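Enquirer: Below is one structure. I have some questions about it.
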Amino acid sequence: GMALLNLGRREEALAAMDAAIRLKPATSALHIDRGVTLTALGLYEESILAFDRAAVLAPDQALPVLRRAQARLRLGEFAAGWRDHERRW
């Protein structure tokens, strides 16, 4: 999926991420990658949901919270975005 995203093939990357998640739904990294892909597509609300899922699956990881913060800030959700940004530490 990420290889396709790096090639600029965003829609194909998203389809690959979705297929991978169907095979391994409890893998936090896949949900993070899906969120990154959705962000690249400008689908920030959906990316937040993917980062939420990743954060639930791996509560000790800072990356999904940081990525969620970035998506929230892009949406103009400044209070929630900055709260997530600070929480990542």
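Going by the structure tokens order, chains are called A, B, ..., each with residues numbered from 1, while ligands are numbered from 1 in the order shown.
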Report as a PyMOL selection string: the residues of chain A with a DSSP assignment of helix (DSSP H, G or I), based on the backbone of this structure.
Expert: chain A and resi 2-6+10-23+28-40+44-57+63-75+78-87
Enquirer: Pick out the closest residue to Arg67 (chain A) from this set: A:His85, A:Arg53, A:Lys24, A:Arg10. Count only C-alpha atoms.
Expert: A:His85
Enquirer: Between CA of Ile21 (chain A) and CA of Gly76 (chain A), measure the distance and give it in Å to one decimal.
Expert: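 That distance, rounded to one decimal, is 28.7 Å.
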Enquirer: Using only C-alpha atoms, which of A:Ala19, A:Leu43, A:Ala26, A:Leu75 sits nearest Ala55 (chain A)?
Expert: A:Ala26
Enquirer: Interatomic distance between CA of Gly42 (chain A) and CA of Asp60 (chain A)?
Expert: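 Computing it gives 26.9 Å between the two atoms.
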Enquirer: Between A:Leu63, A:Leu38, A:Arg72, A:Ile32, single out the one closest to Phe51 (chain A), counting only C-alpha atoms.
Expert: A:Ile32
Enquirer: Which is closer to Arg74 (chain A) than all the others in A:Leu30, A:Leu7, A:Ile48, A:Met2, using only C-alpha atoms?
Expert: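 For Arg74 (chain A), the nearest of the candidates is A:Ile48.
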Enquirer: Find the residues near region 4-6 of chain A: any atom within 12 Å, counting only C-alpha atoms, skip ones fewer than 3 places away on the same chain, and give them as JSON, numbers by chain.
Expert: {"A": [1, 9, 10, 11, 12, 13, 14, 15, 16, 17, 33, 34, 35, 36, 37, 38, 39, 40, 41]}
Enquirer: Grab the CA of His31 (chain A) to CA of Ser47 (chain A) distance for me, in Å with one decimal place.
Expert: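 About the pair CA of His31 (chain A) and CA of Ser47 (chain A): they are 9.0 Å apart.
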